[in-house]
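The data block below is final-v2.cif; it holds mmCIF, C-alpha atoms.
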data_structure
loop_
_atom_site.label_atom_id
_atom_site.label_comp_id
_atom_site.auth_asym_id
_atom_site.auth_seq_id
_atom_site.Cartn_x
_atom_site.Cartn_y
_atom_site.Cartn_z
CA MET A 1115 0.00 0.00 0.00
CA SER A 1116 1.50 3.30 -0.97
CA GLY A 1117 1.77 6.18 1.43
CA SER A 1118 -0.56 8.35 -0.57
CA LEU A 1119 -3.18 5.63 -0.77
CA ARG A 1120 -3.02 5.16 2.97
CA ALA A 1121 -3.33 8.89 3.53
CA GLY A 1122 -6.37 8.82 1.26
CA LEU A 1123 -7.94 6.06 3.28
CA ARG A 1124 -7.33 7.99 6.45
CA LEU A 1125 -8.86 11.12 5.07
CA ALA A 1126 -11.92 9.18 3.97
CA GLY A 1127 -12.68 8.69 7.65
CA GLY A 1128 -15.18 6.24 9.20
CA GLY A 1129 -15.62 3.85 6.34
CA TRP A 1130 -12.01 2.91 5.81
CA ALA A 1131 -11.67 1.22 9.15
CA ALA A 1132 -14.16 -1.48 8.31
CA ARG A 1133 -13.08 -1.94 4.70
CA GLY A 1134 -9.37 -1.65 5.25
CA TRP A 1135 -8.97 -3.70 8.35
CA ALA A 1136 -9.16 -7.25 7.01
CA GLY A 1137 -6.74 -6.63 4.21
CA ARG A 1138 -4.33 -4.76 6.40
CA ARG A 1139 -4.31 -7.51 9.00
CA ARG A 1140 -3.69 -10.13 6.36
CA LEU A 1141 -0.72 -8.16 5.16
CA SER A 1142 0.69 -7.72 8.64
CA GLN A 1143 0.19 -11.35 9.52
CA ALA A 1144 1.85 -12.42 6.33
CA ALA A 1145 4.79 -10.22 7.18
CA ALA A 1146 5.00 -11.63 10.68
CA GLU A 1147 4.68 -15.25 9.65
CA GLY A 1148 6.72 -15.04 6.51
CA GLY A 1149 9.66 -13.45 8.26
CA GLY A 1150 11.28 -12.00 5.19
CA ALA A 1151 8.09 -10.80 3.55
CA GLU A 1152 8.11 -7.23 2.34
CA GLY A 1153 5.14 -4.94 2.57
CA GLY A 1154 3.93 -6.25 -0.75
CA GLY A 1155 6.76 -4.46 -2.52
CA SER A 1156 4.35 -1.62 -3.07
CA GLY A 1157 5.76 1.03 -0.80
CA SER A 1158 6.31 1.84 2.83
CA GLY A 1159 5.68 -1.53 4.52
CA THR A 1160 6.02 0.22 7.87
CA GLY A 1161 4.41 -2.73 9.65
CA SER A 1162 6.88 -5.37 8.48
CA ARG A 1163 9.11 -7.00 11.03
CA GLU A 1164 12.21 -5.52 9.42
CA ALA A 1165 10.80 -2.01 9.36
CA VAL A 1166 9.73 -2.20 13.00
CA GLU A 1167 13.09 -3.62 14.01
CA ARG A 1168 14.84 -0.69 12.34
CA LEU A 1169 12.65 1.72 14.31
CA VAL A 1170 13.20 0.09 17.70
CA ARG A 1171 16.95 -0.01 17.15
CA ALA A 1172 17.25 3.53 15.84
CA HIS A 1173 17.58 5.09 19.30
CA PRO A 1174 18.30 3.94 22.89
CA VAL A 1175 14.80 4.99 23.96
CA VAL A 1176 11.91 4.41 21.57
CA VAL A 1177 8.22 4.81 22.38
CA PHE A 1178 5.22 3.79 20.29
CA MET A 1179 2.26 5.81 21.45
CA LYS A 1180 -1.03 7.44 20.53
CA GLY A 1181 -0.41 11.07 19.72
CA SER A 1182 2.87 12.86 20.30
CA PRO A 1183 4.86 13.67 23.45
CA ALA A 1184 3.62 17.25 23.12
CA GLN A 1185 0.04 16.06 22.64
CA PRO A 1186 -0.64 12.51 23.82
CA LEU A 1187 -4.05 11.24 22.73
CA CYS A 1188 -4.50 8.56 25.36
CA GLY A 1189 -4.08 8.57 29.11
CA PHE A 1190 -1.71 5.61 29.05
CA SER A 1191 0.52 7.17 26.39
CA ASN A 1192 0.47 10.37 28.40
CA ALA A 1193 1.60 8.48 31.51
CA VAL A 1194 4.62 7.09 29.67
CA VAL A 1195 5.57 10.58 28.48
CA GLN A 1196 5.21 11.97 32.00
CA ILE A 1197 7.32 9.20 33.54
CA LEU A 1198 10.12 9.78 31.04
CA ARG A 1199 9.87 13.51 31.71
CA LEU A 1200 10.18 12.91 35.47
CA HIS A 1201 13.45 11.12 34.81
CA GLY A 1202 14.65 13.94 32.58
CA VAL A 1203 14.55 11.76 29.48
CA GLU A 1204 13.72 14.27 26.76
CA ASP A 1205 15.81 12.70 24.00
CA TYR A 1206 13.81 9.76 22.69
CA ARG A 1207 12.03 8.65 19.56
CA ALA A 1208 8.26 8.67 19.70
CA HIS A 1209 6.12 7.15 16.96
CA ASP A 1210 2.44 7.99 16.71
CA VAL A 1211 0.68 4.78 15.74
CA LEU A 1212 -2.54 6.66 15.03
CA GLN A 1213 -0.78 8.14 12.01
CA ASP A 1214 0.11 4.71 10.64
CA PRO A 1215 -2.26 1.71 10.86
CA ASP A 1216 0.42 -0.62 9.44
CA LEU A 1217 2.82 0.35 12.19
CA ARG A 1218 0.07 0.08 14.80
CA GLN A 1219 -0.50 -3.57 13.94
CA GLY A 1220 3.15 -4.23 13.09
CA ILE A 1221 4.47 -3.18 16.47
CA LYS A 1222 1.92 -5.42 18.21
CA ASN A 1223 3.04 -8.37 16.09
CA TYR A 1224 6.69 -7.57 16.68
CA SER A 1225 6.49 -7.61 20.47
CA ASN A 1226 3.56 -10.02 20.71
CA TRP A 1227 2.00 -7.40 22.97
CA PRO A 1228 -1.62 -6.38 22.41
CA THR A 1229 -1.61 -2.76 23.50
CA ILE A 1230 -0.15 0.69 22.91
CA PRO A 1231 1.96 2.37 24.35
CA GLN A 1232 5.08 0.24 24.07
CA VAL A 1233 8.50 1.23 25.36
CA TYR A 1234 11.83 -0.06 24.02
CA LEU A 1235 15.19 0.44 25.72
CA ASN A 1236 18.27 -0.43 23.69
CA GLY A 1237 16.09 -2.20 21.14
CA GLU A 1238 14.49 -4.38 23.78
CA PHE A 1239 10.79 -4.31 24.60
CA VAL A 1240 10.35 -3.49 28.28
CA GLY A 1241 6.58 -3.16 28.49
CA GLY A 1242 3.65 -0.81 28.39
CA CYS A 1243 2.40 1.87 30.74
CA ASP A 1244 1.83 -0.38 33.79
CA ILE A 1245 5.28 -1.92 33.62
CA LEU A 1246 7.04 1.42 33.10
CA LEU A 1247 5.09 2.85 36.02
CA GLN A 1248 6.06 -0.04 38.28
CA MET A 1249 9.70 0.18 37.11
CA HIS A 1250 9.53 3.86 37.99
CA GLN A 1251 8.10 3.09 41.43
CA ASN A 1252 10.49 0.28 42.37
CA GLY A 1253 13.63 2.01 41.09
CA ASP A 1254 14.31 -0.34 38.18
CA LEU A 1255 13.87 2.43 35.65
CA VAL A 1256 16.74 4.42 37.12
CA GLU A 1257 18.94 1.32 36.78
CA GLU A 1258 17.83 0.56 33.24
CA LEU A 1259 18.47 4.14 32.17
CA LYS A 1260 21.91 3.95 33.76
CA LYS A 1261 22.70 0.96 31.53
CA LEU A 1262 21.94 3.19 28.57
CA GLY A 1263 24.26 5.88 29.87
CA ILE A 1264 21.34 8.08 30.87
CA ARG A 1265 21.40 9.59 34.34
CA SER A 1266 17.89 9.90 35.72
CA ALA A 1267 17.01 13.43 36.78
CA LEU A 1268 15.35 11.91 39.84
CA LEU A 1269 18.79 11.06 41.24
CA ASP A 1270 19.74 14.73 41.18
CA ALA A 1271 16.43 15.70 42.68
CA GLU A 1272 17.06 13.31 45.56
CA LYS A 1273 20.53 14.75 46.09
CA ASP A 1274 19.13 18.25 46.27
CA GLN A 1275 16.73 17.10 48.92
CA ASP A 1276 19.51 15.45 50.93
CA LYS A 1277 21.38 18.75 51.00
CA LYS A 1278 18.46 20.61 52.48
CA MET B 487 -17.99 -19.47 18.10
CA ALA B 488 -19.73 -17.23 20.55
CA GLU B 489 -17.67 -14.30 21.71
CA PRO B 490 -16.64 -14.59 25.33
CA GLU B 491 -18.55 -12.38 27.69
CA LEU B 492 -16.88 -9.11 28.52
CA SER B 493 -17.59 -8.50 32.17
CA ALA B 494 -15.51 -8.14 35.30
CA GLU B 495 -16.94 -11.40 36.59
CA ALA B 496 -16.17 -13.30 33.38
CA LEU B 497 -12.60 -11.99 33.30
CA ARG B 498 -12.12 -12.90 36.94
CA GLU B 499 -13.29 -16.47 36.34
CA ARG B 500 -11.03 -16.88 33.32
CA LEU B 501 -7.95 -15.56 35.12
CA ARG B 502 -8.67 -17.83 38.07
CA ARG B 503 -9.03 -20.82 35.79
CA GLU B 504 -6.21 -20.19 33.31
CA LEU B 505 -3.57 -19.03 35.77
CA GLY B 506 -4.65 -20.97 38.83
CA ALA B 507 -4.72 -17.58 40.52
CA GLU B 508 -5.56 -17.64 44.18
CA HIS B 509 -6.82 -14.09 44.28
CA VAL B 510 -8.20 -11.98 41.45
CA GLU B 511 -9.77 -8.55 41.53
CA VAL B 512 -11.23 -7.07 38.39
CA GLU B 513 -12.52 -3.56 38.19
CA ASP B 514 -14.48 -2.37 35.19
CA THR B 515 -13.00 1.06 34.39
CA THR B 516 -14.94 1.52 31.18
CA ALA B 517 -16.78 4.55 32.48
CA ALA B 518 -13.53 6.51 32.82
CA ARG B 519 -12.36 5.62 29.28
CA CYS B 520 -13.68 5.71 25.78
CA ALA B 521 -14.13 1.93 25.43
CA ALA B 522 -14.16 -1.35 27.36
CA SER B 523 -11.44 -1.07 30.00
CA PHE B 524 -10.52 -3.12 33.01
CA ARG B 525 -8.08 -3.01 35.89
CA VAL B 526 -6.99 -6.37 37.25
CA LEU B 527 -5.06 -7.55 40.26
CA VAL B 528 -3.89 -11.14 39.93
CA VAL B 529 -2.18 -13.09 42.70
CA ALA B 530 -0.79 -16.37 41.41
CA ALA B 531 1.95 -18.84 42.28
CA ALA B 532 2.60 -19.07 38.54
CA PHE B 533 4.26 -15.63 38.74
CA ARG B 534 7.08 -16.88 40.98
CA GLY B 535 10.50 -16.39 39.43
CA LYS B 536 9.06 -14.33 36.58
CA GLY B 537 9.67 -10.69 35.75
CA LEU B 538 6.90 -8.16 35.19
CA LEU B 539 6.96 -8.56 31.43
CA GLN B 540 6.54 -12.34 31.63
CA ARG B 541 3.78 -12.01 34.22
CA HIS B 542 1.85 -9.56 32.10
CA ARG B 543 2.31 -11.83 29.10
CA LEU B 544 0.71 -14.68 31.07
CA VAL B 545 -2.27 -12.47 31.86
CA ASN B 546 -2.52 -11.32 28.24
CA GLN B 547 -2.45 -14.95 27.09
CA ALA B 548 -5.15 -15.96 29.55
CA LEU B 549 -7.37 -13.16 28.22
CA ALA B 550 -6.37 -13.52 24.57
CA ALA B 551 -9.93 -14.23 23.48
CA GLU B 552 -11.22 -11.08 25.18
CA LEU B 553 -8.33 -8.72 24.52
CA GLY B 554 -9.39 -8.00 20.97
CA ARG B 555 -12.40 -6.17 22.35
CA ILE B 556 -10.75 -4.62 25.38
CA HIS B 557 -9.39 -1.13 24.87
CA ALA B 558 -7.23 -1.05 27.96
CA LEU B 559 -6.14 -3.53 30.58
CA GLU B 560 -4.28 -2.26 33.64
CA GLN B 561 -2.44 -4.97 35.50
CA ARG B 562 -0.95 -5.66 38.88
CA THR B 563 0.63 -9.08 39.08
CA LEU B 564 1.84 -10.45 42.43
CA THR B 565 3.06 -13.75 43.82
CA PRO B 566 1.25 -14.99 46.94
CA GLU B 567 4.34 -13.94 48.93
CA GLN B 568 4.26 -10.39 47.58
CA TRP B 569 0.55 -10.25 48.22
CA ALA B 570 1.07 -11.30 51.86
CA GLU B 571 3.92 -8.79 52.23
CA GLN B 572 1.59 -6.03 51.14
CA GLY B 573 -0.92 -7.16 53.73
CA GLY B 574 -3.39 -8.41 51.14
CA GLN B 575 -4.04 -5.02 49.63
#

Show me the file's structure as C-alpha cells.
Amino acid sequence: MSGSLRAGLRLAGGGWAARGWAGRRRLSQAAAEGGGAEGGGSGSGTGSREAVERLVRAHPVVVFMKGSPAQPLCGFSNAVVQILRLHGVEDYRAHDVLQDPDLRQGIKNYSNWPTIPQVYLNGEFVGGCDILLQMHQNGDLVEELKKLGIRSALLDAEKDQDKK
Amino acid sequence: MAEPELSAEALRERLRRELGAEHVEVEDTTAARCAASFRVLVVAAAFRGKGLLQRHRLVNQALAAELGRIHALEQRTLTPEQWAEQGGQ
C-alpha cells in the first residue's frame, strides 16, 4: 500500500476502518509469519518486522504511542511521556501509531503485545504503561536508564533534597 | 464461536481458571475511558521467578480471546508472597 493511498484512506474517515482492516491484517500477519516478507513491494511496509526492528533499534529509547509527546491522545501514552519527563529523558524517539495503521499492527506483532503504548530500551521491549510505572516506582527504571548511559534526573532531585 | 462475555466477573473467572490464581480482583473502568477497559489484580503462584513482562504476558495470554475487544487492561501481578507482604491489599 502506498503512502498516498493510505493517507487517502485515512482522510476518507469512518468507512475505511471497516473496509481496510481485514486486508491490512492479512498483510501484517503475512509479514509476521513469513519473516522475510516485504510490505507487498508496493511502498512503505512500515508494519513489516524488518521495518519495525529498524525503528526500535534507531535510538536507545523508543516509544510507540497514541499522539505525540507534546500532545498525547490517550491517558496511558500520556503516563509514559510523564514518567520519562520525570526522569529527565527528553531525548527519545516517539512514533504515533494513530498516524500509521500498518505500524500500529506491526508493532503489536513484533512484540507479541496487544496494546499501545510500548517502550523499548536499547532495542528491547520493556513493556507498556503499567510496567514502566512499576519500574519507575520500584527504582528499576533508574537502573535501566543507567545501563543506557542516561542519568535519571530523579537522582539529582534526591541529592538536592539530601542537602536541604 | 460465541464471543466470550466481557464483564468483570467473566474476566475474573477466566484468570482464576487459566492461571490458577488464588486471588483476582477485576474492576471495570470503562466509564472513565472511551471503550471497554478493566483493571486487574492477579495473585498467582505461577508468577514466581518471573519478571513483570513475563507475568503480564501470562495475563494477556489468559485473556487472549477477550483482549481483541478490550481497549485497555491495567495490571498488577503479584506472587502470593508479595501479596502477603503487602498485607493483602

Quick one: 5 Å padding each side, axis-aligned, all listed atoms of region 1254-1260 of chain A - centre and edge lengths in Å to one decimal, as AutoDock Vina command-line options?
--center_x 17.9 --center_y 2.0 --center_z 35.2 --size_x 18.0 --size_y 14.8 --size_z 16.0

- Residues near region 1177-1190 of chain A, cut-off 7 Å, all atoms listed in the file, skip fewer than 2 positions along chain, as a VMD selection string: chain A and resid 1175 1192 to 1195 1207 to 1212 1230 to 1234 1243

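What the PyMOL selection byres ((chain B and resi 512) around 8) picks from this file is Ala494, Glu495, Leu497, Arg498, Val510, Glu511, Glu513, Asp514, Phe524, Arg525, Val526 and Leu527 of chain B.
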
Restricting the output to C-alpha atoms, write the selected residues as a PDB file, in the coordinates of the input.
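The result, written out as part26.pdb:
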ATOM      1  CA  ALA B 494     -15.510  -8.140  35.300  1.00  0.00           C
ATOM      2  CA  GLU B 495     -16.940 -11.400  36.590  1.00  0.00           C
ATOM      3  CA  LEU B 497     -12.600 -11.990  33.300  1.00  0.00           C
ATOM      4  CA  ARG B 498     -12.120 -12.900  36.940  1.00  0.00           C
ATOM      5  CA  VAL B 510      -8.200 -11.980  41.450  1.00  0.00           C
ATOM      6  CA  GLU B 511      -9.770  -8.550  41.530  1.00  0.00           C
ATOM      7  CA  GLU B 513     -12.520  -3.560  38.190  1.00  0.00           C
ATOM      8  CA  ASP B 514     -14.480  -2.370  35.190  1.00  0.00           C
ATOM      9  CA  PHE B 524     -10.520  -3.120  33.010  1.00  0.00           C
ATOM     10  CA  ARG B 525      -8.080  -3.010  35.890  1.00  0.00           C
ATOM     11  CA  VAL B 526      -6.990  -6.370  37.250  1.00  0.00           C
ATOM     12  CA  LEU B 527      -5.060  -7.550  40.260  1.00  0.00           C
TER      13      LEU B 527
END

- Task: Give me, as number ranges by chain, the contact residues of chain B against chain A at a cut-off of 7 Å, counting only C-alpha atoms.
- Result: B: 538-539, 560-561

- Task: Might you pull out every residue within 9 Å of Val1256 (chain A), with all atoms listed in the file counted and same-chain residues fewer than 6 positions away left off, and present them as a PyMOL selection string?
- Result: chain A and resi 1201+1249-1250+1264-1266+1268-1269

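As for CA of Arg543 (chain B) and CA of Gln575 (chain B), they are spaced 22.5 Å apart.
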
- Between CA of Thr563 (chain B) and CA of Ala530 (chain B), what is the distance, to one decimal in Å? 7.8 Å

- Message: Under the PyMOL selection byres ((chain B and resi 534) around 10), which residues of this model are included? Write them out as a VMD selection string.
- Response: chain B and resid 530 to 533 535 to 537 541 564 to 568

Generate the output file for the selected residues, C-alpha atoms, as a PDB file, in the coordinates of the input.
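Wrote result-v3.pdb, looks like this:
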ATOM      1  CA  ALA B 530      -0.790 -16.370  41.410  1.00  0.00           C
ATOM      2  CA  ALA B 531       1.950 -18.840  42.280  1.00  0.00           C
ATOM      3  CA  ALA B 532       2.600 -19.070  38.540  1.00  0.00           C
ATOM      4  CA  PHE B 533       4.260 -15.630  38.740  1.00  0.00           C
ATOM      5  CA  GLY B 535      10.500 -16.390  39.430  1.00  0.00           C
ATOM      6  CA  LYS B 536       9.060 -14.330  36.580  1.00  0.00           C
ATOM      7  CA  GLY B 537       9.670 -10.690  35.750  1.00  0.00           C
ATOM      8  CA  ARG B 541       3.780 -12.010  34.220  1.00  0.00           C
ATOM      9  CA  LEU B 564       1.840 -10.450  42.430  1.00  0.00           C
ATOM     10  CA  THR B 565       3.060 -13.750  43.820  1.00  0.00           C
ATOM     11  CA  PRO B 566       1.250 -14.990  46.940  1.00  0.00           C
ATOM     12  CA  GLU B 567       4.340 -13.940  48.930  1.00  0.00           C
ATOM     13  CA  GLN B 568       4.260 -10.390  47.580  1.00  0.00           C
TER      14      GLN B 568
END

Some atoms are missing, so please complete region 1185-1210 of chain A with N, CA and C atoms and return it as a PDB file, in the frame of the given file.
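This is the output file out-v1.pdb:
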ATOM      1  N   GLN A1185       1.500  16.180  22.599  1.00  0.00           N
ATOM      2  CA  GLN A1185       0.040  16.060  22.640  1.00  0.00           C
ATOM      3  C   GLN A1185      -0.382  14.591  22.622  1.00  0.00           C
ATOM      4  N   PRO A1186      -0.221  13.912  23.757  1.00  0.00           N
ATOM      5  CA  PRO A1186      -0.640  12.510  23.820  1.00  0.00           C
ATOM      6  C   PRO A1186      -2.154  12.399  23.684  1.00  0.00           C
ATOM      7  N   LEU A1187      -2.610  11.355  22.970  1.00  0.00           N
ATOM      8  CA  LEU A1187      -4.050  11.240  22.730  1.00  0.00           C
ATOM      9  C   LEU A1187      -4.665  10.068  23.489  1.00  0.00           C
ATOM     10  N   CYS A1188      -3.982   9.638  24.533  1.00  0.00           N
ATOM     11  CA  CYS A1188      -4.500   8.560  25.360  1.00  0.00           C
ATOM     12  C   CYS A1188      -3.847   8.687  26.720  1.00  0.00           C
ATOM     13  N   GLY A1189      -4.604   8.415  27.767  1.00  0.00           N
ATOM     14  CA  GLY A1189      -4.080   8.570  29.110  1.00  0.00           C
ATOM     15  C   GLY A1189      -2.858   7.710  29.385  1.00  0.00           C
ATOM     16  N   PHE A1190      -2.824   6.525  28.794  1.00  0.00           N
ATOM     17  CA  PHE A1190      -1.710   5.610  29.050  1.00  0.00           C
ATOM     18  C   PHE A1190      -0.451   6.097  28.329  1.00  0.00           C
ATOM     19  N   SER A1191      -0.629   6.590  27.109  1.00  0.00           N
ATOM     20  CA  SER A1191       0.520   7.170  26.390  1.00  0.00           C
ATOM     21  C   SER A1191       1.017   8.400  27.130  1.00  0.00           C
ATOM     22  N   ASN A1192       0.098   9.184  27.632  1.00  0.00           N
ATOM     23  CA  ASN A1192       0.470  10.370  28.400  1.00  0.00           C
ATOM     24  C   ASN A1192       1.282   9.983  29.642  1.00  0.00           C
ATOM     25  N   ALA A1193       0.882   8.910  30.307  1.00  0.00           N
ATOM     26  CA  ALA A1193       1.600   8.480  31.510  1.00  0.00           C
ATOM     27  C   ALA A1193       3.042   8.126  31.193  1.00  0.00           C
ATOM     28  N   VAL A1194       3.245   7.450  30.073  1.00  0.00           N
ATOM     29  CA  VAL A1194       4.620   7.090  29.670  1.00  0.00           C
ATOM     30  C   VAL A1194       5.448   8.352  29.433  1.00  0.00           C
ATOM     31  N   VAL A1195       4.874   9.316  28.744  1.00  0.00           N
ATOM     32  CA  VAL A1195       5.570  10.580  28.480  1.00  0.00           C
ATOM     33  C   VAL A1195       5.928  11.278  29.789  1.00  0.00           C
ATOM     34  N   GLN A1196       4.978  11.286  30.730  1.00  0.00           N
ATOM     35  CA  GLN A1196       5.210  11.970  32.000  1.00  0.00           C
ATOM     36  C   GLN A1196       6.289  11.266  32.831  1.00  0.00           C
ATOM     37  N   ILE A1197       6.301   9.940  32.789  1.00  0.00           N
ATOM     38  CA  ILE A1197       7.320   9.200  33.540  1.00  0.00           C
ATOM     39  C   ILE A1197       8.707   9.513  32.972  1.00  0.00           C
ATOM     40  N   LEU A1198       8.817   9.472  31.656  1.00  0.00           N
ATOM     41  CA  LEU A1198      10.120   9.780  31.040  1.00  0.00           C
ATOM     42  C   LEU A1198      10.535  11.206  31.392  1.00  0.00           C
ATOM     43  N   ARG A1199       9.577  12.102  31.381  1.00  0.00           N
ATOM     44  CA  ARG A1199       9.870  13.510  31.710  1.00  0.00           C
ATOM     45  C   ARG A1199      10.378  13.637  33.139  1.00  0.00           C
ATOM     46  N   LEU A1200       9.749  12.904  34.060  1.00  0.00           N
ATOM     47  CA  LEU A1200      10.180  12.910  35.470  1.00  0.00           C
ATOM     48  C   LEU A1200      11.643  12.526  35.602  1.00  0.00           C
ATOM     49  N   HIS A1201      12.069  11.598  34.736  1.00  0.00           N
ATOM     50  CA  HIS A1201      13.450  11.120  34.810  1.00  0.00           C
ATOM     51  C   HIS A1201      14.376  11.984  33.959  1.00  0.00           C
ATOM     52  N   GLY A1202      13.832  13.044  33.383  1.00  0.00           N
ATOM     53  CA  GLY A1202      14.650  13.940  32.580  1.00  0.00           C
ATOM     54  C   GLY A1202      14.996  13.383  31.212  1.00  0.00           C
ATOM     55  N   VAL A1203      14.290  12.342  30.799  1.00  0.00           N
ATOM     56  CA  VAL A1203      14.550  11.760  29.480  1.00  0.00           C
ATOM     57  C   VAL A1203      13.738  12.538  28.436  1.00  0.00           C
ATOM     58  N   GLU A1204      14.407  13.467  27.779  1.00  0.00           N
ATOM     59  CA  GLU A1204      13.720  14.270  26.760  1.00  0.00           C
ATOM     60  C   GLU A1204      14.113  13.797  25.365  1.00  0.00           C
ATOM     61  N   ASP A1205      15.291  13.142  25.289  1.00  0.00           N
ATOM     62  CA  ASP A1205      15.810  12.700  24.000  1.00  0.00           C
ATOM     63  C   ASP A1205      15.392  11.260  23.739  1.00  0.00           C
ATOM     64  N   TYR A1206      14.241  11.108  23.075  1.00  0.00           N
ATOM     65  CA  TYR A1206      13.810   9.760  22.690  1.00  0.00           C
ATOM     66  C   TYR A1206      12.985   9.844  21.426  1.00  0.00           C
ATOM     67  N   ARG A1207      12.829   8.691  20.774  1.00  0.00           N
ATOM     68  CA  ARG A1207      12.030   8.650  19.560  1.00  0.00           C
ATOM     69  C   ARG A1207      10.608   8.241  19.927  1.00  0.00           C
ATOM     70  N   ALA A1208       9.658   9.021  19.488  1.00  0.00           N
ATOM     71  CA  ALA A1208       8.260   8.670  19.700  1.00  0.00           C
ATOM     72  C   ALA A1208       7.588   8.498  18.341  1.00  0.00           C
ATOM     73  N   HIS A1209       6.854   7.405  18.196  1.00  0.00           N
ATOM     74  CA  HIS A1209       6.120   7.150  16.960  1.00  0.00           C
ATOM     75  C   HIS A1209       4.631   7.126  17.258  1.00  0.00           C
ATOM     76  N   ASP A1210       3.888   7.907  16.531  1.00  0.00           N
ATOM     77  CA  ASP A1210       2.440   7.990  16.710  1.00  0.00           C
ATOM     78  C   ASP A1210       1.764   6.924  15.853  1.00  0.00           C
TER      79      ASP A1210
END
